[in-house]
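Just upload31.txt here, compact mmCIF, C-alpha atoms:
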```txt
# COMPACT_ATOMS: atom_id res chain seq x y z
CA MET A 1 -19.54 -23.00 12.10
CA LEU A 2 -22.41 -22.37 9.69
CA LEU A 3 -24.81 -21.51 12.49
CA THR A 4 -22.27 -19.10 13.97
CA SER A 5 -21.84 -17.34 10.66
CA TYR A 6 -25.61 -16.97 10.24
CA PHE A 7 -25.92 -15.56 13.72
CA LEU A 8 -23.09 -13.09 13.10
CA ALA A 9 -24.68 -12.05 9.80
CA ALA A 10 -27.99 -11.42 11.52
CA LEU A 11 -26.24 -9.37 14.19
CA ALA A 12 -24.35 -7.41 11.52
CA ILE A 13 -27.59 -6.55 9.72
CA ALA A 14 -29.30 -5.57 12.97
CA LEU A 15 -26.40 -3.30 13.92
CA ALA A 16 -26.09 -1.82 10.46
CA TRP A 17 -29.63 -0.62 10.07
CA PRO A 18 -32.49 -0.95 12.60
CA THR A 19 -30.50 -0.47 15.81
CA PRO A 20 -28.75 2.79 14.89
CA LEU A 21 -31.97 4.12 13.43
CA ALA A 22 -33.84 3.42 16.65
CA LEU A 23 -31.07 4.83 18.82
CA SER A 24 -30.85 8.05 16.80
CA LYS A 25 -34.54 8.62 17.52
CA ALA A 26 -34.45 7.48 21.14
CA LYS A 27 -35.58 10.13 23.62
CA TRP A 28 -33.54 8.93 26.58
CA ILE A 29 -30.12 9.70 25.11
CA THR A 30 -30.25 13.33 26.32
CA ARG A 31 -30.77 12.03 29.85
CA ALA A 32 -27.79 9.67 29.78
CA PRO A 33 -25.29 10.97 27.21
CA VAL A 34 -22.37 9.03 28.68
CA GLN A 35 -24.13 5.69 28.27
CA ALA A 36 -25.43 6.70 24.85
CA VAL A 37 -21.92 7.47 23.57
CA LEU A 38 -20.70 4.10 24.85
CA LEU A 39 -23.61 2.35 23.16
CA TRP A 40 -22.84 4.03 19.83
CA GLN A 41 -19.27 2.81 20.05
CA ALA A 42 -20.43 -0.72 20.80
CA ILE A 43 -22.80 -0.62 17.83
CA ALA A 44 -20.05 0.52 15.48
CA LEU A 45 -17.43 -1.91 16.78
CA GLY A 46 -19.81 -4.83 17.18
CA GLY A 47 -21.27 -4.13 13.75
CA GLY A 48 -17.88 -4.12 12.04
CA LEU A 49 -16.74 -7.20 13.95
CA SER A 50 -19.82 -9.24 13.13
CA MET A 51 -19.84 -8.09 9.50
CA ILE A 52 -16.27 -9.23 8.95
CA GLY A 53 -16.67 -12.20 11.28
CA SER A 54 -19.71 -13.62 9.53
CA MET A 55 -17.99 -13.61 6.14
CA LEU A 56 -14.80 -15.03 7.61
CA VAL A 57 -16.53 -17.83 9.48
CA TRP A 58 -18.79 -18.72 6.57
CA GLY A 59 -15.89 -18.70 4.14
CA LEU A 60 -13.84 -20.96 6.41
CA SER A 61 -16.68 -23.31 7.33
CA PRO A 62 -15.79 -26.07 4.78
CA LEU A 63 -12.22 -26.14 6.09
CA GLY A 64 -12.74 -27.08 9.69
CA ASP A 65 -14.93 -27.34 12.75
CA ASN A 66 -13.65 -24.26 14.53
CA LEU A 67 -11.90 -21.05 13.62
CA ILE A 68 -8.43 -22.18 14.68
CA SER A 69 -8.41 -25.48 12.80
CA ALA A 70 -10.09 -23.84 9.80
CA LEU A 71 -7.48 -21.08 9.70
CA HIS A 72 -4.78 -23.70 9.98
CA ALA A 73 -6.28 -25.68 7.10
CA GLY A 74 -6.57 -22.47 5.11
CA TRP A 75 -2.89 -21.78 5.64
CA ARG A 76 -1.98 -25.29 4.48
CA LEU A 77 -4.16 -24.77 1.41
CA LEU A 78 -2.31 -21.56 0.62
CA MET A 79 0.99 -23.43 0.99
CA GLY A 80 -0.15 -25.93 -1.62
CA ASP A 81 -0.92 -28.93 0.61
CA PRO A 82 -2.83 -31.39 -1.65
CA GLN A 83 -4.57 -33.05 1.31
CA VAL A 84 -6.71 -30.03 2.05
CA GLN A 85 -9.97 -29.97 0.16
CA TYR A 86 -10.52 -26.89 -2.00
CA PRO A 87 -13.42 -24.99 -0.35
CA GLY A 88 -15.14 -23.76 -3.52
CA VAL A 89 -15.22 -20.39 -5.20
CA VAL A 90 -18.16 -18.91 -3.25
CA HIS A 91 -16.46 -19.54 0.07
CA LEU A 92 -13.19 -18.14 -1.23
CA PHE A 93 -15.06 -15.05 -2.39
CA ALA A 94 -16.53 -14.57 1.10
CA LEU A 95 -13.08 -14.97 2.62
CA SER A 96 -11.44 -12.42 0.36
CA THR A 97 -14.32 -10.01 0.94
CA ALA A 98 -13.82 -10.33 4.69
CA PHE A 99 -10.10 -9.57 4.39
CA LEU A 100 -10.57 -6.72 1.93
CA PHE A 101 -13.28 -5.20 4.08
CA GLY A 102 -11.09 -5.43 7.18
CA PHE A 103 -8.19 -3.78 5.37
CA HIS A 104 -10.51 -1.13 4.00
CA LEU A 105 -11.74 -0.18 7.48
CA VAL A 106 -8.24 -0.07 8.98
CA LEU A 107 -6.77 1.86 6.05
CA THR A 108 -9.56 4.43 6.13
CA LEU A 109 -8.96 4.97 9.83
CA ILE A 110 -5.22 5.40 9.32
CA ARG A 111 -5.77 7.77 6.41
CA ALA A 112 -8.24 9.87 8.41
CA ALA A 113 -5.88 10.00 11.39
CA TRP A 114 -2.97 11.02 9.20
CA ARG A 115 -4.96 13.72 7.42
CA THR A 116 -6.29 15.10 10.68
CA SER A 117 -2.90 15.27 12.34
CA ARG A 118 -1.43 17.00 9.29
CA GLN A 119 -4.17 19.61 9.29
CA ARG A 120 -3.74 20.14 13.02
CA ALA A 121 0.01 20.57 12.61
CA LYS A 122 -0.62 23.20 9.97
CA HIS A 123 -3.14 24.94 12.19
CA ARG A 124 -0.72 24.90 15.14
CA GLN A 125 1.99 26.35 12.97
CA LEU A 126 -0.17 29.33 12.07
CA LEU A 127 -1.29 29.64 15.69
CA ARG A 128 2.32 29.97 16.73
CA LEU A 129 2.65 32.96 14.45
CA LEU A 130 -0.69 34.56 15.22
CA SER A 131 -1.55 33.94 18.87
CA ASN A 132 -0.11 34.73 22.26
CA PRO A 133 -0.18 32.55 25.35
CA SER A 134 -2.80 33.63 27.83
CA GLU A 135 -1.33 35.42 30.81
CA THR A 136 -3.79 33.97 33.29
CA ARG A 137 -4.72 30.52 32.00
CA PRO A 138 -2.47 27.53 31.34
CA ASN A 139 -2.45 25.81 27.91
CA THR A 140 -4.49 28.63 26.45
CA LEU A 141 -3.74 30.81 23.44
CA VAL A 142 -5.38 34.11 22.61
CA ILE A 143 -5.98 35.24 19.02
CA ASP A 144 -6.27 38.93 18.32
CA HIS A 145 -9.75 39.18 16.75
CA ASP A 146 -13.03 40.81 17.69
CA MET A 147 -15.26 37.85 16.94
CA PRO A 148 -15.95 35.78 20.07
CA VAL A 149 -14.54 32.35 19.27
CA ALA A 150 -13.44 29.43 21.41
CA TYR A 151 -12.14 26.08 20.24
CA CYS A 152 -9.54 23.52 21.06
CA VAL A 153 -6.78 21.89 19.07
CA PRO A 154 -6.36 18.36 20.40
CA GLY A 155 -2.94 16.75 20.34
CA ILE A 156 -1.25 13.74 21.83
CA SER A 157 0.98 15.71 24.15
CA ARG A 158 0.09 19.35 23.75
CA SER A 159 -3.60 20.14 23.56
CA VAL A 160 -4.44 23.81 23.59
CA THR A 161 -7.54 25.87 24.07
CA VAL A 162 -7.78 28.85 21.75
CA LEU A 163 -9.79 31.93 22.68
CA SER A 164 -10.24 35.14 20.74
CA ARG A 165 -9.82 38.59 22.25
CA GLY A 166 -13.48 39.18 21.34
CA LEU A 167 -14.51 36.29 23.56
CA LEU A 168 -12.59 37.72 26.49
CA THR A 169 -14.10 41.19 26.07
CA GLN A 170 -17.70 40.27 25.22
CA LEU A 171 -18.26 37.50 27.75
CA THR A 172 -18.47 37.93 31.51
CA PRO A 173 -15.89 36.02 33.58
CA GLU A 174 -18.51 33.40 34.50
CA GLU A 175 -19.46 32.96 30.84
CA GLN A 176 -15.79 32.59 29.93
CA GLN A 177 -15.52 29.98 32.64
CA ALA A 178 -18.42 28.10 31.04
CA VAL A 179 -16.80 28.18 27.61
CA ILE A 180 -13.38 27.18 28.85
CA THR A 181 -14.65 24.31 31.01
CA HIS A 182 -16.62 23.10 28.00
CA GLU A 183 -13.54 23.16 25.77
CA ARG A 184 -11.26 21.58 28.37
CA SER A 185 -13.63 18.66 28.85
CA HIS A 186 -13.54 18.01 25.08
CA LEU A 187 -9.77 17.75 25.44
CA ASP A 188 -9.74 15.81 28.72
CA GLN A 189 -12.23 13.23 27.52
CA ARG A 190 -10.47 12.91 24.14
CA HIS A 191 -13.63 13.54 22.14
CA ASP A 192 -11.44 14.14 19.10
CA LEU A 193 -10.62 10.41 18.98
CA LEU A 194 -14.32 9.53 19.07
CA ILE A 195 -15.08 11.93 16.24
CA LEU A 196 -12.09 10.62 14.30
CA ALA A 197 -13.29 7.02 14.59
CA PHE A 198 -16.83 7.85 13.57
CA THR A 199 -15.67 10.11 10.73
CA ALA A 200 -13.53 7.27 9.42
CA TRP A 201 -16.43 4.83 9.77
CA ASN A 202 -18.65 7.20 7.81
CA GLU A 203 -15.94 7.61 5.17
CA ALA A 204 -15.35 3.88 4.87
CA LEU A 205 -19.06 3.08 4.53
CA PRO A 206 -20.67 6.08 2.86
CA TRP A 207 -23.33 3.79 1.36
CA LEU A 208 -24.49 2.86 4.84
CA PRO A 209 -26.89 5.66 5.79
CA THR A 210 -26.61 4.85 9.47
CA SER A 211 -22.90 5.63 9.58
CA LYS A 212 -23.83 9.26 8.96
CA LEU A 213 -26.54 9.05 11.61
CA ALA A 214 -23.99 7.73 14.07
CA LEU A 215 -21.54 10.54 13.36
CA GLU A 216 -24.25 13.17 13.82
CA ALA A 217 -25.48 11.57 17.02
CA VAL A 218 -22.01 11.31 18.53
CA ARG A 219 -21.29 14.92 17.59
CA GLN A 220 -24.36 16.10 19.49
CA LEU A 221 -23.66 13.80 22.43
CA ILE A 222 -20.13 15.04 23.02
CA GLU A 223 -21.47 18.60 23.13
CA MET A 224 -23.94 17.46 25.80
CA LEU A 225 -21.12 15.80 27.74
CA ALA A 226 -19.05 18.97 27.60
CA ASP A 227 -22.08 21.06 28.59
CA ASP A 228 -22.63 18.84 31.61
CA LYS A 229 -19.02 19.42 32.69
CA ALA A 230 -19.49 23.17 32.28
CA LEU A 231 -22.66 23.01 34.38
CA GLU A 232 -20.60 21.69 37.27
CA GLN A 233 -18.94 25.12 37.37
CA VAL A 234 -21.62 27.58 36.24
CA ASN A 235 -25.42 27.64 36.10
CA ARG A 236 -27.58 26.95 33.04
CA GLN A 237 -28.41 30.58 32.43
CA THR A 238 -24.73 31.51 32.20
CA LEU A 239 -23.88 28.66 29.84
CA LEU A 240 -26.85 29.47 27.60
CA LYS A 241 -25.90 33.15 27.46
CA ALA A 242 -22.36 32.21 26.49
CA ILE A 243 -23.65 29.90 23.75
CA VAL A 244 -25.95 32.59 22.39
CA THR A 245 -23.23 35.24 22.24
CA VAL A 246 -20.76 32.96 20.51
CA ALA A 247 -23.29 31.37 18.16
CA THR A 248 -24.83 34.68 17.06
CA ALA A 249 -21.48 36.22 16.20
CA ALA A 250 -20.40 33.11 14.33
CA ALA A 251 -23.64 32.93 12.35
CA VAL A 252 -23.36 36.54 11.20
CA ASP A 253 -19.79 36.00 10.02
CA ASP A 254 -20.47 32.68 8.45
CA ALA A 255 -21.91 32.73 4.95
CA SER A 256 -22.58 29.01 4.79
CA MET A 257 -24.70 29.13 7.90
CA ILE A 258 -26.74 31.98 6.50
CA LYS A 259 -27.30 29.89 3.41
CA SER A 260 -28.43 26.91 5.43
CA SER A 261 -30.92 29.01 7.40
CA SER A 262 -32.54 30.28 4.18
CA ASN A 263 -32.78 26.67 3.03
CA ALA A 264 -34.65 25.90 6.20
CA GLU A 265 -37.19 28.55 5.29
CA LEU A 266 -37.66 27.05 1.86
CA VAL A 267 -38.43 23.65 3.29
CA GLY A 268 -40.88 25.29 5.63
CA MET A 269 -39.23 24.62 8.96
CA PRO A 270 -41.20 26.31 11.71
CA GLY A 271 -39.36 29.49 12.66
CA GLY A 272 -38.55 30.43 16.21
CA GLU A 273 -37.93 26.90 17.37
CA VAL A 274 -34.85 25.46 18.93
CA SER A 275 -34.50 22.05 17.31
CA SER A 276 -31.06 21.11 18.56
CA ARG A 277 -31.42 18.55 21.30
CA ARG A 278 -28.35 19.91 23.02
CA LEU A 279 -30.06 23.29 23.46
CA GLN A 280 -33.43 21.80 24.33
CA ARG A 281 -31.99 19.92 27.26
CA LEU A 282 -30.33 23.10 28.49
CA LEU A 283 -33.56 25.07 28.20
CA SER A 284 -35.75 22.50 29.90
CA PRO A 285 -33.63 20.35 32.19
CA GLU A 286 -34.45 16.66 32.35
CA THR A 287 -33.75 14.30 35.20
CA ALA A 288 -30.97 11.83 34.59
CA LEU A 289 -31.95 8.30 33.62
CA ASN A 290 -32.55 6.10 36.67
CA LYS A 291 -30.01 3.55 37.80
CA LEU A 292 -31.83 0.49 36.44
CA ALA A 293 -32.22 1.99 32.96
CA ARG A 294 -28.59 3.11 32.93
CA PHE A 295 -27.55 -0.40 33.93
CA LEU A 296 -29.66 -1.93 31.15
CA VAL A 297 -28.02 0.34 28.58
CA LEU A 298 -24.56 -0.56 29.85
CA ALA A 299 -25.44 -4.25 29.85
CA SER A 300 -26.56 -4.15 26.24
CA THR A 301 -23.39 -2.25 25.37
CA VAL A 302 -21.28 -5.03 26.86
CA LEU A 303 -23.40 -7.71 25.19
CA LEU A 304 -23.08 -6.09 21.78
CA LEU A 305 -19.31 -6.28 22.03
CA ALA A 306 -19.11 -9.61 23.82
CA CYS A 307 -21.39 -11.57 21.48
CA PRO A 308 -19.37 -11.30 18.26
CA THR A 309 -16.05 -11.51 20.13
CA ILE A 310 -16.95 -14.69 22.00
CA LEU A 311 -18.44 -16.28 18.90
CA LEU A 312 -15.27 -15.57 16.99
CA VAL A 313 -12.63 -16.57 19.48
CA ALA A 314 -14.21 -19.41 21.47
CA PRO A 315 -13.41 -22.55 19.45
CA THR A 316 -15.83 -24.87 21.24
CA LEU A 317 -18.76 -22.60 20.52
CA LEU A 318 -17.78 -22.51 16.89
CA ALA A 319 -18.06 -26.29 16.67
CA TRP A 320 -21.87 -25.89 16.38
CA MET B 1 20.00 31.35 20.81
CA ALA B 2 16.30 31.48 19.98
CA SER B 3 14.69 28.42 18.39
CA LEU B 4 13.82 28.42 14.69
CA GLY B 5 10.14 28.54 15.64
CA ASP B 6 10.62 31.72 17.67
CA LEU B 7 12.69 33.24 14.88
CA GLU B 8 9.98 32.40 12.36
CA ARG B 9 7.52 34.30 14.47
CA SER B 10 9.82 37.32 14.88
CA VAL B 11 10.56 37.40 11.16
CA MET B 12 6.86 37.19 10.28
CA ASP B 13 6.06 39.99 12.74
CA LEU B 14 8.71 42.20 11.13
CA LEU B 15 7.47 41.43 7.61
CA TRP B 16 3.84 42.01 8.58
CA ASP B 17 4.67 45.33 10.20
CA SER B 18 6.91 46.49 7.39
CA ALA B 19 5.41 48.60 4.60
CA GLU B 20 7.81 47.25 1.99
CA PRO B 21 9.75 44.05 1.29
CA LEU B 22 12.90 43.51 3.34
CA THR B 23 16.22 41.85 2.61
CA ALA B 24 17.74 39.22 4.87
CA ASN B 25 20.29 41.83 6.01
CA ASP B 26 17.51 44.28 6.99
CA LEU B 27 15.81 41.51 8.93
CA ARG B 28 19.02 40.49 10.70
CA ASP B 29 19.59 44.10 11.81
CA ASP B 30 15.97 44.47 12.97
CA LEU B 31 16.15 41.19 14.88
CA ALA B 32 19.41 42.24 16.52
CA ALA B 33 17.76 45.53 17.52
CA LEU B 34 14.84 43.61 19.05
CA GLY B 35 16.73 41.44 21.48
CA ALA B 36 20.18 40.93 22.90
CA ASP B 37 20.12 37.18 22.29
CA ALA B 38 19.91 37.80 18.56
CA LYS B 39 23.20 39.64 18.37
CA GLU B 40 25.11 36.63 17.14
CA LEU B 41 22.49 35.89 14.54
CA ALA B 42 24.04 35.12 11.17
CA VAL B 43 22.45 36.20 7.91
CA THR B 44 22.52 32.56 6.82
CA THR B 45 20.25 31.69 9.77
CA VAL B 46 17.81 34.38 8.69
CA LEU B 47 17.95 33.02 5.14
CA THR B 48 17.20 29.52 6.47
CA VAL B 49 14.19 30.83 8.35
CA LEU B 50 13.02 32.72 5.26
CA ALA B 51 13.40 29.61 3.11
CA ARG B 52 11.28 27.67 5.58
CA LEU B 53 8.62 30.35 5.61
CA GLU B 54 8.66 30.49 1.81
CA LYS B 55 8.16 26.74 1.65
CA LYS B 56 5.19 27.06 3.96
CA GLY B 57 3.68 29.63 1.63
CA LEU B 58 3.88 32.47 4.13
CA VAL B 59 6.59 34.55 2.46
CA GLU B 60 7.26 35.65 -1.13
CA ARG B 61 10.68 36.32 -2.55
CA GLU B 62 11.36 39.10 -5.00
CA ARG B 63 14.01 37.68 -7.29
CA SER B 64 14.41 40.72 -9.55
CA THR B 65 16.65 42.55 -7.07
CA ARG B 66 20.03 41.63 -5.57
CA PRO B 67 19.98 40.76 -2.73
CA HIS B 68 16.54 39.19 -2.84
CA ARG B 69 13.83 40.96 -0.93
CA TYR B 70 11.11 39.22 1.05
CA ALA B 71 7.48 40.11 1.84
CA ALA B 72 4.60 38.42 3.64
CA CYS B 73 2.16 36.74 1.23
CA SER B 74 -0.94 37.96 3.01
CA SER B 75 -1.62 40.19 5.95
CA ARG B 76 -1.77 39.12 9.58
CA GLU B 77 -5.52 39.86 9.56
CA ASP B 78 -6.13 37.58 6.56
CA HIS B 79 -4.32 34.74 8.26
CA THR B 80 -6.30 35.29 11.47
CA VAL B 81 -9.57 35.19 9.55
CA GLY B 82 -8.38 32.00 7.87
CA LEU B 83 -7.67 30.41 11.24
CA LEU B 84 -11.05 31.43 12.60
CA ASN B 85 -12.79 30.09 9.50
CA GLU B 86 -11.16 26.76 10.15
CA ALA B 87 -12.24 26.95 13.75
CA LEU B 88 -15.84 27.68 12.75
CA GLY B 89 -15.89 24.83 10.27
CA THR B 90 -16.52 27.07 7.27
CA ALA B 91 -13.51 25.59 5.56
CA GLN B 92 -14.40 22.24 4.04
CA ASP B 93 -13.42 18.90 5.48
CA ARG B 94 -12.16 20.29 8.76
CA GLU B 95 -14.80 18.83 11.01
CA ALA B 96 -12.61 16.40 12.89
CA VAL B 97 -9.68 18.74 13.27
CA LEU B 98 -10.96 21.13 15.89
CA ALA B 99 -13.64 20.94 18.51
CA ARG B 100 -15.81 24.01 18.53
CA PHE B 101 -17.83 25.55 21.28
CA ILE B 102 -20.92 26.16 19.16
CA GLY B 103 -20.83 23.05 17.01
CA GLY B 104 -24.01 22.55 15.03
CA ILE B 105 -26.05 25.57 16.11
CA THR B 106 -27.61 27.46 13.20
CA ALA B 107 -28.25 31.19 12.94
CA ASP B 108 -31.99 30.60 13.33
CA GLU B 109 -31.48 28.67 16.52
CA ALA B 110 -29.15 31.26 17.95
CA ALA B 111 -31.79 33.94 17.28
CA SER B 112 -34.59 31.89 18.83
CA LEU B 113 -32.45 31.10 21.83
CA ARG B 114 -31.67 34.76 22.31
CA ALA B 115 -35.39 35.56 22.19
CA ILE B 116 -36.12 32.89 24.79
CA LEU B 117 -33.39 34.13 27.10
CA ASP B 118 -34.53 37.74 26.71
CA SER B 119 -38.11 36.83 27.57
CA VAL B 120 -36.90 35.01 30.69
CA LYS B 121 -34.88 38.04 31.72
CA SER B 122 -37.76 40.52 31.26
CA ALA B 123 -40.30 38.27 32.97
```
When written as structure tokens, how does the structure in this file appear?
Amino acid sequence: MLLTSYFLAALAIALAWPTPLALSKAKWITRAPVQAVLLWQAIALGGGLSMIGSMLVWGLSPLGDNLISALHAGWRLLMGDPQVQYPGVVHLFALSTAFLFGFHLVLTLIRAAWRTSRQRAKHRQLLRLLSNPSETRPNTLVIDHDMPVAYCVPGISRSVTVLSRGLLTQLTPEEQQAVITHERSHLDQRHDLLILAFTAWNEALPWLPTSKLALEAVRQLIEMLADDKALEQVNRQTLLKAIVTVATAAAVDDASMIKSSSNAELVGMPGGEVSSRRLQRLLSPETALNKLARFLVLASTVLLLACPTILLVAPTLLAW
Amino acid sequence: MASLGDLERSVMDLLWDSAEPLTANDLRDDLAALGADAKELAVTTVLTVLARLEKKGLVERERSTRPHRYAACSSREDHTVGLLNEALGTAQDREAVLARFIGGITADEAASLRAILDSVKSA
């Protein structure tokens, strides 16, 4: 049991710091965004699992040879069975930390989900008063405003795409197609759930710098995924033109973005450069990652999840 | 019989388009004039809808007069701008709520991108 807990702790540390840092700098992610998103999820899940698991297993190690018998002994201890040996205060501390940490993660996720759904409900309510269903497109609402805006409101049963009148007048039909396919793929692939999970992770562990890195990375990756879907319908030039029209209008109307661009000047960021990786890959297309590399990424994704799970649930392995 | 949601929308439209506050009776008459299915509409139903809208912070009640008169808290345009601000992520803490088309592109980048596209076009 001790060896298992050390291994889990090592895995937890690796997944908490060096791995996410390396992945956030990796060049290949723009060439295989699907695999990269999966890998990020495995890092987050595997990291949480091994973090909690290592404390749990170490805390239980004086009580038994494997997780099942140790948990059983722990239960008897709680029930006041005098035959069970008291494991010592340090081990009890590790155990309570594991439980508290697990609760903390779950509660943060529930709280984030609840908050998000409440805000969405409020947004939908206003939409019902202020928008009209599109005459030509299903599940699409049109807001009466000149600014070209497109977004989607995800929901369990009724997801809608919202377009502004400005978007419909300022974009060509092909450009509209690009925007709408992009939005629909966010909804179809349930990117909102991904963002919710990573937002909650970031909220639960704000002291862990890599949880912010992960959220940023996933945010960029889902845009790439949606762009790729749009590119199945329109060409690059059309998608880029649509992005430029929408982004320019938004930036002019958006005080906070103007502020952030003047900050960039202060820090001395080179002007006239497109730093977003999402845009870079649209401007200069890259070939997709080859099959072998994609397989290796998928294999490590599976390993990252399988390792802590197997170590935790397989009793014979825990007898080490 | 129209649903409460549809009635809320009709009532808000009337209040937004009206220059002055309206009573529940005014609204009932206007609603009846709008559609045939509203002809059996009771004033109490309109009052229920108004109470709901008031609770949501969309409608203000003038209590100095009898019967009470109702007005929209802010204009249709203000609400639309509010919605769009949420959609653009200018409002705080709304990141996970909506997925935006232009997520994470700054003004600088948009300008550079436009320049690049223009140069491609003219070349």
Item checked: 9 Å contact set for B:Glu77, all atoms listed in the file, chain neighbours under 4 positions out, as a PyMOL selection string -> (chain A and resi 144-145) or (chain B and resi 81-82)
Margin query: Given all atoms listed in the file as the basis, pick out the residue of B:Asp118, B:Cys73, B:Leu83, B:Glu109 nearest to B:Lys55.
Written below: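 Of B:Asp118, B:Cys73, B:Leu83, B:Glu109, the one nearest B:Lys55 is B:Cys73, counting all atoms listed in the file.
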Item checked: Who sits within 10 Å of stretch 67-72 of chain B, only C-alpha atoms, same chain under 3 positions skipped, as a VMD selection string -> chain B and resid 11 to 27 50 53 to 54 57 to 64 75 to 76
Checklist line | Between atom CA of A:Leu126 and atom CA of B:Ser3, distance in Å (one decimal) | finding: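 That distance, rounded to one decimal, is 16.2 Å.
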Checklist line | Contacts of stretch 52-64 of chain A at 10 Å (only C-alpha atoms; same-chain gap of 2+ positions) as an MDAnalysis selection string | finding: chainID A and resid 1:12 46:50 66:74 77 84:102 308:309 311:312 318:319
Checklist line | Proximity to A:Ala44 - best of A:Ala226, A:Arg281, A:Pro20, A:Lys241, only C-alpha atoms | finding: A:Pro20
Notebook entry, point to check: Nearest to chain B: which of A:Arg128, A:Lys291, A:Lys212, A:Lys229 is it, counting all atoms listed in the file?
Noted result: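 Result for the nearest residue to chain B: A:Arg128.
One finds atom CA of A:Thr301 at 5.1 Å from atom CA of A:Leu39.
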Check: Pick the closest to chain B from A:Leu167, A:Leu208, A:Ala121, A:Leu129: which is it, counting all atoms listed in the file?
Finding: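 Closest to chain B of all the choices is A:Leu129.
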Check: From the list A:Ser284, A:Thr210, A:Ser185, A:Gln170, which residue is nearest A:Ala14 when using all atoms listed in the file?
Finding: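 So, comparing all the options, the nearest one is A:Thr210.
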Contact residues around A:Ser159 with only C-alpha atoms at 8 Å, ignoring same-chain residues under 5 positions, as a compact mmCIF listing (two decimals) with C-alpha atoms, keeping the file's coordinate frame:
```txt
# COMPACT_ATOMS: atom_id res chain seq x y z
CA ASN A 139 -2.45 25.81 27.91
CA CYS A 152 -9.54 23.52 21.06
CA VAL A 153 -6.78 21.89 19.07
CA PRO A 154 -6.36 18.36 20.40
CA LEU A 187 -9.77 17.75 25.44
```
Next item on the list: Check the smallest atom-to-atom distance from each of A:Pro173, A:Gly155, A:Pro285, A:Pro33 to A:Gln220 using all atoms listed in the file, then report the winner.
Entry: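 Ranking A:Pro173, A:Gly155, A:Pro285, A:Pro33 by distance to A:Gln220, first place goes to A:Pro33.
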Edge lengths and centre in Å, axis-aligned, stretch 165-176 of chain A plus 8 Å each side, as lines of an AutoDock Vina configuration file:
```
center_x = -14.6
center_y = 36.9
center_z = 27.9
size_x = 25.6
size_y = 24.6
size_z = 29.2
```
Next item on the list: To one decimal in Å, tell me the separation between atom CA of A:Gln280 and atom CA of B:Ala111.
Entry: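 About the pair atom CA of A:Gln280 and atom CA of B:Ala111: they are 14.1 Å apart.
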Quick one: stretch 206-222 of chain A from the block, C-alpha atoms, as an mmCIF file, in the first residue's frame.
```cif
data_model
loop_
_atom_site.group_PDB
_atom_site.id
_atom_site.type_symbol
_atom_site.label_atom_id
_atom_site.label_comp_id
_atom_site.auth_asym_id
_atom_site.auth_seq_id
_atom_site.Cartn_x
_atom_site.Cartn_y
_atom_site.Cartn_z
ATOM 1 C CA PRO A 206 -6.817 28.719 -7.835
ATOM 2 C CA TRP A 207 -3.422 28.248 -6.152
ATOM 3 C CA LEU A 208 -2.452 25.740 -8.813
ATOM 4 C CA PRO A 209 -1.160 27.887 -11.686
ATOM 5 C CA THR A 210 -1.605 25.085 -14.181
ATOM 6 C CA SER A 211 -5.366 24.936 -13.668
ATOM 7 C CA LYS A 212 -5.526 28.368 -15.293
ATOM 8 C CA LEU A 213 -3.225 27.203 -18.067
ATOM 9 C CA ALA A 214 -5.508 24.255 -18.697
ATOM 10 C CA LEU A 215 -8.606 26.445 -18.913
ATOM 11 C CA GLU A 216 -6.908 28.796 -21.370
ATOM 12 C CA ALA A 217 -5.632 25.917 -23.480
ATOM 13 C CA VAL A 218 -9.010 24.192 -23.634
ATOM 14 C CA ARG A 219 -10.692 27.476 -24.539
ATOM 15 C CA GLN A 220 -8.380 27.910 -27.522
ATOM 16 C CA LEU A 221 -8.673 24.264 -28.530
ATOM 17 C CA ILE A 222 -12.466 24.248 -28.694
#
```
